[in-house]
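A.B. asks: My structure is in entry.cif, and what it holds is mmCIF, N, CA and C atoms:
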```
data_my_file
#
loop_
_atom_site.label_atom_id
_atom_site.label_comp_id
_atom_site.auth_asym_id
_atom_site.auth_seq_id
_atom_site.Cartn_x
_atom_site.Cartn_y
_atom_site.Cartn_z
N MET A 1 0.83 -1.21 0.00
CA MET A 1 0.00 0.00 0.00
C MET A 1 0.86 1.26 0.00
N GLN A 2 2.03 1.21 0.67
CA GLN A 2 2.92 2.37 0.68
C GLN A 2 3.45 2.68 -0.71
N SER A 3 3.39 1.69 -1.61
CA SER A 3 3.94 1.91 -2.95
C SER A 3 3.02 2.74 -3.84
N ILE A 4 1.78 2.96 -3.43
CA ILE A 4 0.89 3.83 -4.19
C ILE A 4 1.29 5.27 -3.91
N LYS A 5 1.64 5.98 -4.96
CA LYS A 5 2.21 7.32 -4.82
C LYS A 5 1.24 8.40 -5.28
N VAL A 6 1.46 9.59 -4.75
CA VAL A 6 0.69 10.77 -5.15
C VAL A 6 0.78 10.96 -6.66
N ALA A 7 1.94 10.70 -7.24
CA ALA A 7 2.15 10.90 -8.67
C ALA A 7 1.14 10.12 -9.52
N ASP A 8 0.67 8.98 -9.01
CA ASP A 8 -0.26 8.14 -9.77
C ASP A 8 -1.69 8.67 -9.79
N TYR A 9 -2.01 9.61 -8.91
CA TYR A 9 -3.40 10.06 -8.78
C TYR A 9 -3.58 11.58 -8.78
N LEU A 10 -2.51 12.34 -8.97
CA LEU A 10 -2.66 13.80 -8.91
C LEU A 10 -3.34 14.34 -10.15
N ASN A 11 -3.96 15.49 -10.00
CA ASN A 11 -4.60 16.22 -11.09
C ASN A 11 -3.52 17.12 -11.70
N HIS A 12 -3.14 16.83 -12.94
CA HIS A 12 -2.07 17.59 -13.59
C HIS A 12 -2.53 18.93 -14.14
N ARG A 13 -3.84 19.19 -14.15
CA ARG A 13 -4.36 20.44 -14.73
C ARG A 13 -5.26 21.17 -13.74
N PRO A 14 -4.70 21.57 -12.60
CA PRO A 14 -5.54 22.25 -11.62
C PRO A 14 -5.81 23.70 -12.01
N VAL A 15 -6.86 24.24 -11.44
CA VAL A 15 -7.12 25.66 -11.59
C VAL A 15 -6.04 26.38 -10.78
N THR A 16 -5.48 27.44 -11.34
CA THR A 16 -4.44 28.21 -10.64
C THR A 16 -4.79 29.70 -10.68
N PHE A 17 -4.14 30.42 -9.80
CA PHE A 17 -4.41 31.85 -9.67
C PHE A 17 -3.11 32.62 -9.56
N LYS A 18 -3.19 33.91 -9.90
CA LYS A 18 -2.08 34.85 -9.69
C LYS A 18 -2.46 35.72 -8.50
N GLN A 19 -1.48 36.16 -7.74
CA GLN A 19 -1.76 36.90 -6.52
C GLN A 19 -2.41 38.25 -6.74
N ASP A 20 -2.23 38.85 -7.93
CA ASP A 20 -2.81 40.17 -8.19
C ASP A 20 -4.18 40.10 -8.88
N MET A 21 -4.69 38.89 -9.08
CA MET A 21 -6.00 38.70 -9.71
C MET A 21 -7.10 39.17 -8.75
N ARG A 22 -8.12 39.83 -9.28
CA ARG A 22 -9.25 40.25 -8.44
C ARG A 22 -10.02 39.03 -7.96
N VAL A 23 -10.53 39.10 -6.76
CA VAL A 23 -11.24 37.97 -6.17
C VAL A 23 -12.44 37.56 -7.02
N GLU A 24 -13.16 38.53 -7.58
CA GLU A 24 -14.31 38.21 -8.42
C GLU A 24 -13.91 37.36 -9.63
N SER A 25 -12.78 37.68 -10.23
CA SER A 25 -12.28 36.90 -11.36
C SER A 25 -11.87 35.50 -10.92
N ALA A 26 -11.28 35.42 -9.75
CA ALA A 26 -10.88 34.12 -9.21
C ALA A 26 -12.11 33.25 -8.94
N VAL A 27 -13.17 33.85 -8.43
CA VAL A 27 -14.41 33.12 -8.18
C VAL A 27 -14.97 32.57 -9.49
N GLU A 28 -14.99 33.39 -10.53
CA GLU A 28 -15.48 32.92 -11.84
C GLU A 28 -14.66 31.73 -12.32
N LYS A 29 -13.36 31.83 -12.17
CA LYS A 29 -12.46 30.76 -12.59
C LYS A 29 -12.72 29.48 -11.77
N LEU A 30 -12.91 29.64 -10.47
CA LEU A 30 -13.22 28.49 -9.61
C LEU A 30 -14.52 27.83 -10.04
N LEU A 31 -15.55 28.63 -10.25
CA LEU A 31 -16.86 28.09 -10.62
C LEU A 31 -16.79 27.36 -11.95
N GLN A 32 -16.07 27.90 -12.90
CA GLN A 32 -15.94 27.25 -14.21
C GLN A 32 -15.17 25.94 -14.13
N SER A 33 -14.21 25.87 -13.22
CA SER A 33 -13.36 24.67 -13.12
C SER A 33 -14.05 23.52 -12.39
N GLY A 34 -15.00 23.84 -11.51
CA GLY A 34 -15.63 22.80 -10.71
C GLY A 34 -14.74 22.30 -9.59
N GLN A 35 -13.62 22.98 -9.35
CA GLN A 35 -12.71 22.59 -8.27
C GLN A 35 -12.98 23.47 -7.05
N SER A 36 -12.60 22.98 -5.88
CA SER A 36 -12.90 23.70 -4.64
C SER A 36 -11.82 24.68 -4.23
N GLY A 37 -10.75 24.74 -4.99
CA GLY A 37 -9.67 25.66 -4.69
C GLY A 37 -8.49 25.34 -5.57
N GLY A 38 -7.48 26.20 -5.48
CA GLY A 38 -6.29 25.96 -6.29
C GLY A 38 -5.11 26.77 -5.82
N PRO A 39 -3.93 26.36 -6.27
CA PRO A 39 -2.71 27.05 -5.89
C PRO A 39 -2.61 28.45 -6.50
N VAL A 40 -1.97 29.32 -5.76
CA VAL A 40 -1.59 30.63 -6.27
C VAL A 40 -0.11 30.52 -6.63
N ILE A 41 0.21 30.84 -7.88
CA ILE A 41 1.58 30.66 -8.34
C ILE A 41 2.19 31.96 -8.83
N ASP A 42 3.52 32.02 -8.78
CA ASP A 42 4.21 33.19 -9.32
C ASP A 42 4.59 32.94 -10.78
N GLU A 43 5.40 33.82 -11.36
CA GLU A 43 5.76 33.72 -12.78
C GLU A 43 6.55 32.46 -13.10
N THR A 44 7.24 31.89 -12.11
CA THR A 44 8.05 30.69 -12.33
C THR A 44 7.32 29.41 -11.92
N LYS A 45 6.01 29.51 -11.68
CA LYS A 45 5.15 28.39 -11.27
C LYS A 45 5.42 27.90 -9.85
N ARG A 46 6.10 28.72 -9.05
CA ARG A 46 6.30 28.37 -7.63
C ARG A 46 5.01 28.65 -6.89
N VAL A 47 4.66 27.74 -5.99
CA VAL A 47 3.44 27.90 -5.20
C VAL A 47 3.72 28.91 -4.09
N ILE A 48 2.93 29.99 -4.08
CA ILE A 48 3.10 31.04 -3.07
C ILE A 48 1.87 31.18 -2.18
N GLY A 49 0.83 30.40 -2.49
CA GLY A 49 -0.38 30.46 -1.68
C GLY A 49 -1.40 29.47 -2.19
N PHE A 50 -2.56 29.47 -1.53
CA PHE A 50 -3.67 28.62 -1.95
C PHE A 50 -4.95 29.40 -1.74
N LEU A 51 -5.85 29.33 -2.73
CA LEU A 51 -7.13 30.02 -2.65
C LEU A 51 -8.24 28.99 -2.67
N SER A 52 -9.10 29.04 -1.65
CA SER A 52 -10.20 28.08 -1.55
C SER A 52 -11.55 28.77 -1.74
N GLU A 53 -12.56 27.96 -1.97
CA GLU A 53 -13.93 28.49 -2.03
C GLU A 53 -14.27 29.24 -0.75
N GLN A 54 -13.85 28.68 0.37
CA GLN A 54 -14.15 29.30 1.66
C GLN A 54 -13.52 30.69 1.77
N ASP A 55 -12.27 30.83 1.31
CA ASP A 55 -11.61 32.14 1.31
C ASP A 55 -12.43 33.14 0.49
N CYS A 56 -12.85 32.70 -0.68
CA CYS A 56 -13.62 33.57 -1.58
C CYS A 56 -14.99 33.90 -1.02
N LEU A 57 -15.63 32.92 -0.43
CA LEU A 57 -16.97 33.12 0.12
C LEU A 57 -16.96 34.22 1.17
N LYS A 58 -15.98 34.18 2.05
CA LYS A 58 -15.88 35.19 3.11
C LYS A 58 -15.73 36.58 2.50
N LYS A 59 -14.83 36.71 1.53
CA LYS A 59 -14.56 38.03 0.94
C LYS A 59 -15.74 38.51 0.10
N MET A 60 -16.39 37.60 -0.62
CA MET A 60 -17.56 37.99 -1.44
C MET A 60 -18.72 38.41 -0.54
N LEU A 61 -18.88 37.76 0.59
CA LEU A 61 -19.94 38.14 1.52
C LEU A 61 -19.69 39.55 2.07
N GLU A 62 -18.45 39.82 2.44
CA GLU A 62 -18.10 41.17 2.90
C GLU A 62 -18.38 42.20 1.80
N ALA A 63 -18.04 41.87 0.57
CA ALA A 63 -18.27 42.79 -0.55
C ALA A 63 -19.76 43.05 -0.75
N THR A 64 -20.58 42.02 -0.52
CA THR A 64 -22.03 42.18 -0.65
C THR A 64 -22.56 43.18 0.37
N TYR A 65 -22.07 43.07 1.61
CA TYR A 65 -22.51 44.00 2.65
C TYR A 65 -22.05 45.43 2.37
N GLN A 66 -20.87 45.57 1.78
CA GLN A 66 -20.31 46.89 1.52
C GLN A 66 -20.68 47.43 0.14
N ASN A 67 -21.30 46.59 -0.68
CA ASN A 67 -21.68 46.94 -2.04
C ASN A 67 -20.50 47.26 -2.95
N GLU A 68 -19.32 46.79 -2.59
CA GLU A 68 -18.15 46.97 -3.43
C GLU A 68 -17.04 46.03 -2.98
N SER A 69 -16.12 45.78 -3.88
CA SER A 69 -14.98 44.94 -3.55
C SER A 69 -13.76 45.43 -4.30
N HIS A 70 -12.67 45.49 -3.58
CA HIS A 70 -11.40 45.89 -4.18
C HIS A 70 -10.32 44.87 -3.84
N SER A 71 -10.73 43.68 -3.48
CA SER A 71 -9.78 42.67 -3.01
C SER A 71 -9.14 41.92 -4.15
N VAL A 72 -7.91 41.52 -3.91
CA VAL A 72 -7.18 40.66 -4.83
C VAL A 72 -6.86 39.36 -4.10
N VAL A 73 -6.46 38.37 -4.86
CA VAL A 73 -6.21 37.03 -4.31
C VAL A 73 -5.25 37.06 -3.13
N SER A 74 -4.19 37.85 -3.22
CA SER A 74 -3.20 37.89 -2.13
C SER A 74 -3.79 38.37 -0.81
N ASP A 75 -4.92 39.09 -0.87
CA ASP A 75 -5.59 39.54 0.36
C ASP A 75 -6.26 38.40 1.12
N VAL A 76 -6.65 37.35 0.42
CA VAL A 76 -7.47 36.31 1.05
C VAL A 76 -6.85 34.91 1.02
N MET A 77 -5.81 34.72 0.24
CA MET A 77 -5.24 33.38 0.10
C MET A 77 -4.54 32.92 1.38
N THR A 78 -4.40 31.60 1.52
CA THR A 78 -3.56 31.03 2.57
C THR A 78 -2.13 31.21 2.09
N LYS A 79 -1.32 31.88 2.90
CA LYS A 79 0.00 32.28 2.42
C LYS A 79 1.07 31.19 2.52
N GLU A 80 0.90 30.21 3.37
CA GLU A 80 1.86 29.12 3.46
C GLU A 80 1.12 27.79 3.38
N PRO A 81 0.68 27.42 2.19
CA PRO A 81 -0.13 26.20 2.08
C PRO A 81 0.70 24.94 2.31
N LEU A 82 0.03 23.91 2.79
CA LEU A 82 0.66 22.61 2.94
C LEU A 82 0.82 22.02 1.55
N CYS A 83 2.05 21.67 1.19
CA CYS A 83 2.33 21.07 -0.12
C CYS A 83 2.87 19.67 0.08
N VAL A 84 2.73 18.84 -0.94
CA VAL A 84 3.25 17.48 -0.89
C VAL A 84 4.09 17.23 -2.13
N LYS A 85 4.82 16.13 -2.10
CA LYS A 85 5.69 15.75 -3.22
C LYS A 85 5.05 14.59 -3.98
N ARG A 86 5.40 14.43 -5.22
CA ARG A 86 4.84 13.37 -6.06
C ARG A 86 5.24 11.99 -5.57
N GLU A 87 6.36 11.88 -4.85
CA GLU A 87 6.82 10.60 -4.33
C GLU A 87 6.11 10.19 -3.04
N ASP A 88 5.35 11.10 -2.43
CA ASP A 88 4.68 10.80 -1.17
C ASP A 88 3.68 9.67 -1.35
N SER A 89 3.48 8.94 -0.29
CA SER A 89 2.56 7.80 -0.28
C SER A 89 1.10 8.26 -0.14
N ILE A 90 0.22 7.57 -0.83
CA ILE A 90 -1.21 7.86 -0.71
C ILE A 90 -1.69 7.62 0.72
N VAL A 91 -1.15 6.60 1.38
CA VAL A 91 -1.52 6.33 2.78
C VAL A 91 -1.10 7.50 3.67
N GLN A 92 0.09 8.03 3.45
CA GLN A 92 0.52 9.21 4.21
C GLN A 92 -0.39 10.41 3.92
N MET A 93 -0.81 10.54 2.66
CA MET A 93 -1.74 11.62 2.29
C MET A 93 -3.05 11.48 3.03
N ALA A 94 -3.57 10.25 3.09
CA ALA A 94 -4.84 10.01 3.80
C ALA A 94 -4.70 10.40 5.27
N ASP A 95 -3.59 10.01 5.89
CA ASP A 95 -3.35 10.40 7.30
C ASP A 95 -3.28 11.90 7.45
N LEU A 96 -2.59 12.56 6.53
CA LEU A 96 -2.44 14.01 6.56
C LEU A 96 -3.80 14.69 6.41
N MET A 97 -4.63 14.17 5.52
CA MET A 97 -5.94 14.78 5.27
C MET A 97 -6.91 14.59 6.43
N ILE A 98 -6.71 13.55 7.20
CA ILE A 98 -7.57 13.33 8.37
C ILE A 98 -7.23 14.36 9.45
N CYS A 99 -5.96 14.70 9.56
CA CYS A 99 -5.49 15.59 10.64
C CYS A 99 -5.55 17.07 10.28
N ASN A 100 -5.52 17.40 9.01
CA ASN A 100 -5.46 18.80 8.58
C ASN A 100 -6.70 19.19 7.79
N LYS A 101 -6.94 20.47 7.72
CA LYS A 101 -8.15 21.01 7.11
C LYS A 101 -8.20 20.99 5.58
N PRO A 102 -7.09 21.24 4.88
CA PRO A 102 -7.21 21.36 3.42
C PRO A 102 -7.83 20.13 2.76
N LYS A 103 -8.65 20.39 1.75
CA LYS A 103 -9.25 19.33 0.94
C LYS A 103 -8.41 19.05 -0.30
N VAL A 104 -7.56 20.02 -0.64
CA VAL A 104 -6.72 19.94 -1.83
C VAL A 104 -5.31 20.39 -1.45
N TYR A 105 -4.32 19.63 -1.90
CA TYR A 105 -2.92 19.96 -1.62
C TYR A 105 -2.16 20.16 -2.93
N PRO A 106 -1.40 21.25 -3.04
CA PRO A 106 -0.53 21.39 -4.20
C PRO A 106 0.56 20.32 -4.15
N VAL A 107 0.90 19.78 -5.31
CA VAL A 107 2.01 18.84 -5.44
C VAL A 107 3.13 19.61 -6.12
N VAL A 108 4.29 19.65 -5.47
CA VAL A 108 5.39 20.48 -5.95
C VAL A 108 6.67 19.65 -6.13
N ASP A 109 7.58 20.20 -6.94
CA ASP A 109 8.90 19.58 -7.09
C ASP A 109 9.82 20.11 -5.99
N ASP A 110 11.09 19.77 -6.05
CA ASP A 110 12.03 20.17 -5.00
C ASP A 110 12.25 21.68 -4.92
N GLU A 111 11.95 22.40 -5.98
CA GLU A 111 12.09 23.87 -5.98
C GLU A 111 10.78 24.57 -5.64
N GLY A 112 9.74 23.81 -5.32
CA GLY A 112 8.46 24.41 -4.96
C GLY A 112 7.59 24.77 -6.14
N ARG A 113 7.96 24.29 -7.35
CA ARG A 113 7.15 24.57 -8.53
C ARG A 113 6.00 23.57 -8.64
N LEU A 114 4.88 24.06 -9.08
CA LEU A 114 3.65 23.28 -9.15
C LEU A 114 3.72 22.18 -10.20
N LEU A 115 3.36 20.96 -9.79
CA LEU A 115 3.23 19.82 -10.70
C LEU A 115 1.77 19.45 -10.90
N GLY A 116 0.93 19.79 -9.91
CA GLY A 116 -0.48 19.45 -9.94
C GLY A 116 -1.05 19.60 -8.54
N VAL A 117 -2.22 19.01 -8.34
CA VAL A 117 -2.82 18.99 -7.00
C VAL A 117 -3.37 17.59 -6.74
N ILE A 118 -3.54 17.28 -5.45
CA ILE A 118 -4.21 16.04 -5.08
C ILE A 118 -5.29 16.39 -4.08
N SER A 119 -6.48 15.83 -4.31
CA SER A 119 -7.64 16.14 -3.48
C SER A 119 -8.05 14.92 -2.67
N ARG A 120 -8.96 15.13 -1.75
CA ARG A 120 -9.52 14.01 -0.98
C ARG A 120 -10.14 12.98 -1.92
N ALA A 121 -10.82 13.45 -2.95
CA ALA A 121 -11.45 12.53 -3.90
C ALA A 121 -10.39 11.66 -4.60
N ASN A 122 -9.24 12.27 -4.95
CA ASN A 122 -8.15 11.50 -5.58
C ASN A 122 -7.62 10.43 -4.64
N VAL A 123 -7.46 10.79 -3.37
CA VAL A 123 -6.95 9.84 -2.37
C VAL A 123 -7.97 8.73 -2.13
N LEU A 124 -9.24 9.09 -2.04
CA LEU A 124 -10.28 8.06 -1.88
C LEU A 124 -10.30 7.11 -3.06
N LEU A 125 -10.16 7.63 -4.26
CA LEU A 125 -10.12 6.79 -5.45
C LEU A 125 -8.96 5.80 -5.39
N ALA A 126 -7.79 6.30 -4.99
CA ALA A 126 -6.61 5.43 -4.89
C ALA A 126 -6.82 4.32 -3.86
N LEU A 127 -7.35 4.68 -2.69
CA LEU A 127 -7.59 3.68 -1.65
C LEU A 127 -8.65 2.67 -2.09
N ASP A 128 -9.72 3.16 -2.71
CA ASP A 128 -10.78 2.28 -3.18
C ASP A 128 -10.27 1.32 -4.24
N LYS A 129 -9.50 1.82 -5.17
CA LYS A 129 -8.94 0.98 -6.23
C LYS A 129 -8.02 -0.09 -5.64
N HIS A 130 -7.17 0.30 -4.70
CA HIS A 130 -6.27 -0.65 -4.07
C HIS A 130 -7.04 -1.75 -3.33
N LEU A 131 -8.04 -1.34 -2.57
CA LEU A 131 -8.83 -2.33 -1.81
C LEU A 131 -9.59 -3.25 -2.75
N HIS A 132 -10.14 -2.70 -3.83
CA HIS A 132 -10.85 -3.51 -4.80
C HIS A 132 -9.91 -4.51 -5.46
N ASP A 133 -8.73 -4.04 -5.88
CA ASP A 133 -7.75 -4.91 -6.52
C ASP A 133 -7.29 -6.02 -5.57
N ALA A 134 -7.10 -5.67 -4.29
CA ALA A 134 -6.69 -6.67 -3.30
C ALA A 134 -7.78 -7.71 -3.10
N TYR A 135 -9.02 -7.26 -3.09
CA TYR A 135 -10.17 -8.18 -2.92
C TYR A 135 -10.26 -9.14 -4.11
N VAL A 136 -10.15 -8.60 -5.31
CA VAL A 136 -10.26 -9.41 -6.52
C VAL A 136 -9.10 -10.41 -6.58
N SER A 137 -7.87 -9.99 -6.33
CA SER A 137 -6.74 -10.91 -6.41
C SER A 137 -6.81 -11.95 -5.31
N GLY A 138 -7.34 -11.60 -4.15
CA GLY A 138 -7.46 -12.56 -3.05
C GLY A 138 -8.50 -13.63 -3.34
N HIS A 139 -9.49 -13.30 -4.16
CA HIS A 139 -10.56 -14.24 -4.46
C HIS A 139 -10.29 -15.06 -5.73
N ARG A 140 -9.22 -14.77 -6.42
CA ARG A 140 -8.86 -15.55 -7.59
C ARG A 140 -8.51 -16.98 -7.24
N TYR A 141 -8.00 -17.16 -6.02
CA TYR A 141 -7.49 -18.46 -5.63
C TYR A 141 -8.48 -19.25 -4.80
N VAL A 142 -9.69 -18.75 -4.64
CA VAL A 142 -10.70 -19.45 -3.84
C VAL A 142 -11.47 -20.44 -4.69
#
```
So that I can check it, write out the structure of this file as structure tokens.

C.D. replies:
Amino acid sequence: MQSIKVADYLNHRPVTFKQDMRVESAVEKLLQSGQSGGPVIDETKRVIGFLSEQDCLKKMLEATYQNESHSVVSDVMTKEPLCVKREDSIVQMADLMICNKPKVYPVVDDEGRLLGVISRANVLLALDKHLHDAYVSGHRYV
């Protein structure tokens, strides 16, 4: 089970954001992608933050009360997101996701550049597939 790696289940085409993007534009991008959040990257694709639906919801609600918004992504993003490596184990990811709040983790290389993201759904799929495969192979010999 430890041999199942993040690299085998990560989303290589996540929604991403720039720190100077207006929150309203980021919300539109999130809604179009169907993803619950995404990494904020710089010009070199280094992960510098993470923007979630929850971050946007709070800021959009404030804007509704004030009838205006001047916020950009850097105002609301998580500035030091938890990132993982492609070599990390899916089992370790599952443990991490149980203990920590994020639903989506950026997957980065050794320089912190974005390779993709892995979500709870990706981890559940990996665990389900492994358990199903183990069940099927165990019953081949019965």

A.B. asks: Within 7 Å of range 61-78 of chain A, counting all atoms listed in the file, which residues qualify if same-chain residues fewer than 2 places away don't, as a PyMOL selection string?

C.D. replies: chain A and resi 18-24+48-52+55-59+80-81

A.B. asks: If you run DSSP on the backbone here, which positions in chain A get strand (DSSP E)? Please write them as a PyMOL selection string.

C.D. replies: chain A and resi 37-41+47-52+84-85+104-108+114-119

A.B. asks: Work out how far CA of Gln54 in chain A is from CA of Leu30 in chain A, in Å to one decimal.

C.D. replies: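 Between these atoms lies a distance of 11.3 Å.
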
A.B. asks: Got a sec: who's within 8 Å of Ser3 in chain A, counting all atoms listed in the file, leaving out chain neighbours fewer than 6 positions off, as a ChimeraX atom specification?

C.D. replies: /A:88-91

A.B. asks: Under the PyMOL selection byres (((chain A and resi 124 and name CA) around 12) and name CA), which residues of this model are included? Write them out as a ChimeraX atom specification.

C.D. replies: /A:6,9-10,90-91,93-95,97-98,103,118-123,125-132

A.B. asks: Which residues fall under the PyMOL selection byres ((chain A and resi 104) around 8) in this file, as a ChimeraX atom specification?

C.D. replies: /A:36-39,82-83,101-103,105-107,117-121

A.B. asks: Using N, CA and C atoms, can you write the selected residues to a file as an mmCIF file, keeping the file's coordinate frame?

C.D. replies:
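again_5.cif written:
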```cif
data_model
loop_
_atom_site.group_PDB
_atom_site.id
_atom_site.type_symbol
_atom_site.label_atom_id
_atom_site.label_comp_id
_atom_site.auth_asym_id
_atom_site.auth_seq_id
_atom_site.Cartn_x
_atom_site.Cartn_y
_atom_site.Cartn_z
ATOM 1 N N SER A 36 -12.600 22.980 -5.880
ATOM 2 C CA SER A 36 -12.900 23.700 -4.640
ATOM 3 C C SER A 36 -11.820 24.680 -4.230
ATOM 4 N N GLY A 37 -10.750 24.740 -4.990
ATOM 5 C CA GLY A 37 -9.670 25.660 -4.690
ATOM 6 C C GLY A 37 -8.490 25.340 -5.570
ATOM 7 N N GLY A 38 -7.480 26.200 -5.480
ATOM 8 C CA GLY A 38 -6.290 25.960 -6.290
ATOM 9 C C GLY A 38 -5.110 26.770 -5.820
ATOM 10 N N PRO A 39 -3.930 26.360 -6.270
ATOM 11 C CA PRO A 39 -2.710 27.050 -5.890
ATOM 12 C C PRO A 39 -2.610 28.450 -6.500
ATOM 13 N N LEU A 82 0.030 23.910 2.790
ATOM 14 C CA LEU A 82 0.660 22.610 2.940
ATOM 15 C C LEU A 82 0.820 22.020 1.550
ATOM 16 N N CYS A 83 2.050 21.670 1.190
ATOM 17 C CA CYS A 83 2.330 21.070 -0.120
ATOM 18 C C CYS A 83 2.870 19.670 0.080
ATOM 19 N N LYS A 101 -6.940 20.470 7.720
ATOM 20 C CA LYS A 101 -8.150 21.010 7.110
ATOM 21 C C LYS A 101 -8.200 20.990 5.580
ATOM 22 N N PRO A 102 -7.090 21.240 4.880
ATOM 23 C CA PRO A 102 -7.210 21.360 3.420
ATOM 24 C C PRO A 102 -7.830 20.130 2.760
ATOM 25 N N LYS A 103 -8.650 20.390 1.750
ATOM 26 C CA LYS A 103 -9.250 19.330 0.940
ATOM 27 C C LYS A 103 -8.410 19.050 -0.300
ATOM 28 N N TYR A 105 -4.320 19.630 -1.900
ATOM 29 C CA TYR A 105 -2.920 19.960 -1.620
ATOM 30 C C TYR A 105 -2.160 20.160 -2.930
ATOM 31 N N PRO A 106 -1.400 21.250 -3.040
ATOM 32 C CA PRO A 106 -0.530 21.390 -4.200
ATOM 33 C C PRO A 106 0.560 20.320 -4.150
ATOM 34 N N VAL A 107 0.900 19.780 -5.310
ATOM 35 C CA VAL A 107 2.010 18.840 -5.440
ATOM 36 C C VAL A 107 3.130 19.610 -6.120
ATOM 37 N N VAL A 117 -2.220 19.010 -8.340
ATOM 38 C CA VAL A 117 -2.820 18.990 -7.000
ATOM 39 C C VAL A 117 -3.370 17.590 -6.740
ATOM 40 N N ILE A 118 -3.540 17.280 -5.450
ATOM 41 C CA ILE A 118 -4.210 16.040 -5.080
ATOM 42 C C ILE A 118 -5.290 16.390 -4.080
ATOM 43 N N SER A 119 -6.480 15.830 -4.310
ATOM 44 C CA SER A 119 -7.640 16.140 -3.480
ATOM 45 C C SER A 119 -8.050 14.920 -2.670
ATOM 46 N N ARG A 120 -8.960 15.130 -1.750
ATOM 47 C CA ARG A 120 -9.520 14.010 -0.980
ATOM 48 C C ARG A 120 -10.140 12.980 -1.920
ATOM 49 N N ALA A 121 -10.820 13.450 -2.950
ATOM 50 C CA ALA A 121 -11.450 12.530 -3.900
ATOM 51 C C ALA A 121 -10.390 11.660 -4.600
#
```

A.B. asks: To one decimal place, how far is CA of Leu115 in chain A from CA of Val47 in chain A in Å?

C.D. replies: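 Value for the CA of Leu115 in chain A-CA of Val47 in chain A distance: 9.8 Å.
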
A.B. asks: Between CA of Pro14 in chain A and CA of Arg46 in chain A, what is the distance in Å, rounded to a tenth?

C.D. replies: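 Distance reported for this atom pair: 13.9 Å.
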
A.B. asks: Considering all atoms listed in the file, state which residue in the set A:Glu53, A:Ala26, A:Thr16, A:Asp8 is at the smallest distance from Ile41 in chain A.

C.D. replies: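 Result for the nearest residue to Ile41 in chain A: A:Thr16.
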
A.B. asks: Can you tell me, as a list in words, which residues in range 68-118 of chain A count as alpha helix (DSSP H) by DSSP?

C.D. replies: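 These are the residues in question: Val73, Ser74, Asp75, Val76, Ile90, Val91, Gln92, Met93, Ala94, Asp95, Leu96, Met97, Ile98 and Cys99 of chain A.
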
A.B. asks: Please, could you write that set of residues out with N, CA and C atoms as a PDB file, keeping the file's coordinate frame?

C.D. replies:
```
ATOM      1  N   VAL A  73      -6.460  38.370  -4.860  1.00  0.00           N
ATOM      2  CA  VAL A  73      -6.210  37.030  -4.310  1.00  0.00           C
ATOM      3  C   VAL A  73      -5.250  37.060  -3.130  1.00  0.00           C
ATOM      4  N   SER A  74      -4.190  37.850  -3.220  1.00  0.00           N
ATOM      5  CA  SER A  74      -3.200  37.890  -2.130  1.00  0.00           C
ATOM      6  C   SER A  74      -3.790  38.370  -0.810  1.00  0.00           C
ATOM      7  N   ASP A  75      -4.920  39.090  -0.870  1.00  0.00           N
ATOM      8  CA  ASP A  75      -5.590  39.540   0.360  1.00  0.00           C
ATOM      9  C   ASP A  75      -6.260  38.400   1.120  1.00  0.00           C
ATOM     10  N   VAL A  76      -6.650  37.350   0.420  1.00  0.00           N
ATOM     11  CA  VAL A  76      -7.470  36.310   1.050  1.00  0.00           C
ATOM     12  C   VAL A  76      -6.850  34.910   1.020  1.00  0.00           C
ATOM     13  N   ILE A  90       0.220   7.570  -0.830  1.00  0.00           N
ATOM     14  CA  ILE A  90      -1.210   7.860  -0.710  1.00  0.00           C
ATOM     15  C   ILE A  90      -1.690   7.620   0.720  1.00  0.00           C
ATOM     16  N   VAL A  91      -1.150   6.600   1.380  1.00  0.00           N
ATOM     17  CA  VAL A  91      -1.520   6.330   2.780  1.00  0.00           C
ATOM     18  C   VAL A  91      -1.100   7.500   3.670  1.00  0.00           C
ATOM     19  N   GLN A  92       0.090   8.030   3.450  1.00  0.00           N
ATOM     20  CA  GLN A  92       0.520   9.210   4.210  1.00  0.00           C
ATOM     21  C   GLN A  92      -0.390  10.410   3.920  1.00  0.00           C
ATOM     22  N   MET A  93      -0.810  10.540   2.660  1.00  0.00           N
ATOM     23  CA  MET A  93      -1.740  11.620   2.290  1.00  0.00           C
ATOM     24  C   MET A  93      -3.050  11.480   3.030  1.00  0.00           C
ATOM     25  N   ALA A  94      -3.570  10.250   3.090  1.00  0.00           N
ATOM     26  CA  ALA A  94      -4.840  10.010   3.800  1.00  0.00           C
ATOM     27  C   ALA A  94      -4.700  10.400   5.270  1.00  0.00           C
ATOM     28  N   ASP A  95      -3.590  10.010   5.890  1.00  0.00           N
ATOM     29  CA  ASP A  95      -3.350  10.400   7.300  1.00  0.00           C
ATOM     30  C   ASP A  95      -3.280  11.900   7.450  1.00  0.00           C
ATOM     31  N   LEU A  96      -2.590  12.560   6.530  1.00  0.00           N
ATOM     32  CA  LEU A  96      -2.440  14.010   6.560  1.00  0.00           C
ATOM     33  C   LEU A  96      -3.800  14.690   6.410  1.00  0.00           C
ATOM     34  N   MET A  97      -4.630  14.170   5.520  1.00  0.00           N
ATOM     35  CA  MET A  97      -5.940  14.780   5.270  1.00  0.00           C
ATOM     36  C   MET A  97      -6.910  14.590   6.430  1.00  0.00           C
ATOM     37  N   ILE A  98      -6.710  13.550   7.200  1.00  0.00           N
ATOM     38  CA  ILE A  98      -7.570  13.330   8.370  1.00  0.00           C
ATOM     39  C   ILE A  98      -7.230  14.360   9.450  1.00  0.00           C
ATOM     40  N   CYS A  99      -5.960  14.700   9.560  1.00  0.00           N
ATOM     41  CA  CYS A  99      -5.490  15.590  10.640  1.00  0.00           C
ATOM     42  C   CYS A  99      -5.550  17.070  10.280  1.00  0.00           C
TER      43      CYS A  99
END
```

A.B. asks: Between A:Asn100, A:Asp133, A:Arg86, A:Gly112, which residue has the minimum interatomic distance to Lys5 in chain A, considering all atoms listed in the file?

C.D. replies: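 Once distances to Lys5 in chain A are computed over all atoms listed in the file, the minimum belongs to A:Arg86.
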
A.B. asks: Of the candidates A:Glu87, A:Cys99, A:Ser33, A:Glu111, which shows the shortest atom-to-atom distance to Lys45 in chain A, using only C-alpha atoms?

C.D. replies: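 Of A:Glu87, A:Cys99, A:Ser33, A:Glu111, the one nearest Lys45 in chain A, counting only C-alpha atoms, is A:Glu111.
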